[in-house]
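Asks: The structure under discussion is supplied below as structure tokens; questions concerning it will follow.
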Amino acid sequence: MAVPVRWFVMLCAWGLALMAVPGLAADVPDSVAVLITYHSLSGSTEKMARAVAEGAKAVPGARVALKRVGEVTGPELFSSDAVIVGSPVYWSNMSGEVKTFFDNWQFKFGAFPEFKMRNKVGAAFATGGQVSGGKEVTMLTILAAMLGNQMIVVSGGGAFGASATTEGDSPGIDDKELAEARDLGRRVAEVAVIIKRGARK
Ligand SMILES: Cc1cc2nc3c(=O)[nH]c(=O)nc-3n(C[C@H](O)[C@H](O)[C@H](O)COP(=O)(O)O)c2cc1C
């Protein structure tokens with residue numbers, strides 16, 4: 001019994017000694033929780049969401065959760081470091097489900113008046129049937145809801161987030177659109193790590 005205790009004490013001492021080496025602790029990546037949440041009826045926005053998650057997972061230290069908007073709980077939302085929200089374009093704007101999700105930040109979860117989402121990283125992605133049918137408006141209204149919650153919004157993929165055209169001459173999601181989605185996930189996770197590291201200093 002005495003031998004394992006001695007080993008345990010020695011391992012702890014080695015661990016503490018290593019942490020004291022200048023620069024070594026700083027190299028340990030900060031762990032960030034990235035929540036990717038979306039609404040999708042026919043699967044296109046869900047496909048983009050999975051690619052966003054792949055991109056975020058590529059960043060060391062990122063813990064990624066992928067959920068439909070209706071499944072997200074208050075504790076999950078408030079314990080995340082970054083939230084990426086995806087919507088199909090409905091009538092040139094975010095879908096009702098995604099708008100209800102944002103409304104529930106207050107009605108169900110009580111984000112205000114403390115601004116519980118303050119300084120978390122936020123970003124958007126969207127899919128729409130037409131080339132010029134409202135994807136940018138959809139992403140911008142998602143970002144506007146985040147700004148109203150005093151979040152730090154970032155882009156990635158495209159100027160306002162990642163998007164895909166899913167109907168007409170461009171059915172489904174192509175490789176370029178998936179690459180944009182991965183780029184968005186990676187950028188958001190990277191920024192979340194930078195902000196967490198900055199807050200730790
Ligand atoms: C009620 C409704 C409204 C829509 N309005 C638009 C629109 O205004 N502009 C557009 O580009 N696509 C519109 N679409 C097409 C969807 O945005 C598109 O098919 C989207 O990729 C669906 O995403 P999902 O497969 O994740 O459900 C609409 C679809 C529905 C069902």
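In the structure tokens, each chain is lettered A, B, ... as it comes, each chain's residues begin at 1, and ligands are numbered from 1 in order of appearance.
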Compute the set of protein, DNA and RNA residues whose minimum atom distance to ligand 1 is at most 6 Å, using only C-alpha atoms and all ligand atoms, and state it as number ranges by chain.

Replies: A: 40-46, 88-92, 127-130, 133-134, 166

Asks: Which residues are close to range 108-124 of chain A, i.e. within 9 Å by only C-alpha atoms, leaving aside same-chain residues fewer than 4 positions away? Reply as a PyMOL selection string.

Replies: chain A and resi 34+73-75+77-78+80-87+103-104+138-140+142-143+146-147+149-156+160-163+184-185+188-189+191-192+195

Asks: Next, dump the selected residues to file, keeping only N, CA and C atoms, as a CSV table (one decimal), in the first residue's frame.

Replies:
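Contents of selection28.csv, freshly written:
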chain,number,residue,atom,x,y,z
A,34,VAL,N,-17.7,24.4,-27.9
A,34,VAL,CA,-18.3,25.0,-29.1
A,34,VAL,C,-19.6,24.3,-29.3
A,73,THR,N,-30.4,23.0,-24.1
A,73,THR,CA,-30.8,23.5,-22.8
A,73,THR,C,-30.1,24.8,-22.4
A,74,GLY,N,-30.7,25.4,-21.4
A,74,GLY,CA,-30.1,26.7,-20.9
A,74,GLY,C,-28.7,26.4,-20.4
A,75,PRO,N,-28.4,25.4,-19.5
A,75,PRO,CA,-27.1,25.2,-19.0
A,75,PRO,C,-26.1,24.9,-20.1
A,77,LEU,N,-26.3,26.1,-23.2
A,77,LEU,CA,-26.0,27.4,-23.9
A,77,LEU,C,-25.1,28.3,-23.1
A,78,PHE,N,-25.4,28.4,-21.8
A,78,PHE,CA,-24.6,29.3,-21.0
A,78,PHE,C,-23.2,28.8,-20.6
A,80,SER,N,-21.3,27.2,-22.8
A,80,SER,CA,-20.5,27.2,-24.0
A,80,SER,C,-19.6,28.4,-24.1
A,81,ASP,N,-18.5,28.3,-24.8
A,81,ASP,CA,-17.6,29.4,-25.1
A,81,ASP,C,-18.0,30.1,-26.5
A,82,ALA,N,-18.5,29.2,-27.3
A,82,ALA,CA,-18.9,29.7,-28.7
A,82,ALA,C,-20.2,29.0,-29.1
A,83,VAL,N,-21.0,29.8,-29.9
A,83,VAL,CA,-22.3,29.2,-30.4
A,83,VAL,C,-22.4,29.5,-31.9
A,84,ILE,N,-22.5,28.5,-32.7
A,84,ILE,CA,-22.7,28.7,-34.1
A,84,ILE,C,-24.1,28.2,-34.5
A,85,VAL,N,-24.9,29.1,-35.1
A,85,VAL,CA,-26.3,28.8,-35.4
A,85,VAL,C,-26.5,28.8,-36.9
A,86,GLY,N,-27.2,27.7,-37.3
A,86,GLY,CA,-27.5,27.5,-38.7
A,86,GLY,C,-29.0,27.4,-39.0
A,87,SER,N,-29.4,28.0,-40.1
A,87,SER,CA,-30.8,28.1,-40.5
A,87,SER,C,-31.0,27.9,-42.0
A,103,ASP,N,-35.6,33.6,-29.2
A,103,ASP,CA,-36.6,34.1,-28.2
A,103,ASP,C,-36.5,33.4,-26.9
A,104,ASN,N,-36.3,32.0,-27.0
A,104,ASN,CA,-36.2,31.2,-25.8
A,104,ASN,C,-34.9,31.5,-24.9
A,138,THR,N,-30.3,36.1,-43.8
A,138,THR,CA,-30.5,35.1,-42.7
A,138,THR,C,-29.3,35.1,-41.8
A,139,MET,N,-28.1,35.1,-42.3
A,139,MET,CA,-26.9,35.1,-41.5
A,139,MET,C,-26.8,36.4,-40.7
A,140,LEU,N,-27.1,37.5,-41.3
A,140,LEU,CA,-27.0,38.8,-40.6
A,140,LEU,C,-28.0,38.9,-39.5
A,142,ILE,N,-29.2,36.4,-37.8
A,142,ILE,CA,-28.7,35.6,-36.7
A,142,ILE,C,-27.6,36.3,-35.9
A,143,LEU,N,-26.7,36.9,-36.7
A,143,LEU,CA,-25.6,37.7,-36.0
A,143,LEU,C,-26.2,38.9,-35.2
A,146,MET,N,-27.3,37.8,-31.9
A,146,MET,CA,-26.1,37.6,-31.1
A,146,MET,C,-25.6,38.9,-30.6
A,147,LEU,N,-25.5,39.9,-31.5
A,147,LEU,CA,-25.0,41.2,-31.1
A,147,LEU,C,-25.8,41.8,-30.0
A,149,ASN,N,-27.2,40.3,-27.7
A,149,ASN,CA,-26.8,39.6,-26.5
A,149,ASN,C,-25.4,39.9,-26.1
A,150,GLN,N,-24.8,40.9,-26.7
A,150,GLN,CA,-23.4,41.3,-26.4
A,150,GLN,C,-22.4,40.2,-26.7
A,151,MET,N,-22.7,39.4,-27.7
A,151,MET,CA,-21.7,38.4,-28.1
A,151,MET,C,-20.7,39.0,-29.0
A,152,ILE,N,-19.6,38.2,-29.2
A,152,ILE,CA,-18.5,38.7,-30.1
A,152,ILE,C,-18.7,37.9,-31.4
A,153,VAL,N,-19.2,38.5,-32.5
A,153,VAL,CA,-19.6,37.8,-33.7
A,153,VAL,C,-18.4,37.8,-34.6
A,154,VAL,N,-18.2,36.6,-35.3
A,154,VAL,CA,-17.1,36.5,-36.2
A,154,VAL,C,-17.7,35.8,-37.5
A,155,SER,N,-16.9,35.9,-38.6
A,155,SER,CA,-17.3,35.2,-39.8
A,155,SER,C,-16.3,34.1,-40.1
A,156,GLY,N,-16.4,33.6,-41.2
A,156,GLY,CA,-15.6,32.4,-41.6
A,156,GLY,C,-16.3,31.8,-42.8
A,160,PHE,N,-20.1,36.7,-44.1
A,160,PHE,CA,-21.0,36.7,-43.0
A,160,PHE,C,-21.2,35.4,-42.3
A,161,GLY,N,-20.4,34.4,-42.8
A,161,GLY,CA,-20.5,33.0,-42.3
A,161,GLY,C,-20.5,32.1,-43.5
A,162,ALA,N,-20.9,30.8,-43.3
A,162,ALA,CA,-20.9,29.8,-44.4
A,162,ALA,C,-22.3,29.7,-44.9
A,163,SER,N,-22.4,29.5,-46.3
A,163,SER,CA,-23.7,29.3,-46.8
A,163,SER,C,-23.7,28.4,-48.0
A,184,LEU,N,-15.5,27.9,-41.3
A,184,LEU,CA,-16.3,28.6,-40.3
A,184,LEU,C,-16.0,28.0,-38.9
A,185,GLY,N,-16.2,26.6,-38.9
A,185,GLY,CA,-16.1,26.0,-37.6
A,185,GLY,C,-14.7,26.1,-37.0
A,188,VAL,N,-14.1,29.8,-35.7
A,188,VAL,CA,-14.8,30.1,-34.5
A,188,VAL,C,-14.1,29.5,-33.3
A,189,ALA,N,-13.7,28.2,-33.5
A,189,ALA,CA,-13.0,27.5,-32.4
A,189,ALA,C,-11.6,28.2,-32.1
A,191,VAL,N,-10.9,31.4,-32.6
A,191,VAL,CA,-11.1,32.7,-31.9
A,191,VAL,C,-11.5,32.4,-30.4
A,192,ALA,N,-12.3,31.4,-30.2
A,192,ALA,CA,-12.7,31.1,-28.8
A,192,ALA,C,-11.5,30.8,-27.9
A,195,ILE,N,-9.6,34.0,-27.2
A,195,ILE,CA,-10.3,34.9,-26.2
A,195,ILE,C,-10.2,34.3,-24.8

Asks: Hey, what does DSSP flag as strand (DSSP E) within range 35-90 of chain A? Can you give it to me as a list in words?

Replies: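 These are the residues in question: Leu35, Ile36, Thr37, Tyr38, Ala62, Arg63, Val64, Ala65, Leu66, Lys67, Arg68, Ala82, Val83, Ile84, Val85, Gly86, Ser87, Pro88, Val89 and Tyr90 of chain A.
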
Asks: Restricting the calculation to only C-alpha atoms: of A:Lys67, A:Arg187, A:Arg197, A:Lys47, which residue gets closest to Asp175 in chain A?

Replies: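 Comparing A:Lys67, A:Arg187, A:Arg197, A:Lys47 against Asp175 in chain A, the winner is A:Lys47.
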
Asks: Where does DSSP see alpha helix (DSSP H) in range 15-200 of chain A, if you list the residues as number ranges by chain?

Replies: A: 15-20, 24-27, 44-57, 74-79, 96-107, 135-148, 175-200

Asks: Report, in Å with one decimal, the straight-line distance from CA of Ser79 in chain A to CA of Gln106 in chain A.

Replies: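 Distance between the two atoms: 15.7 Å.
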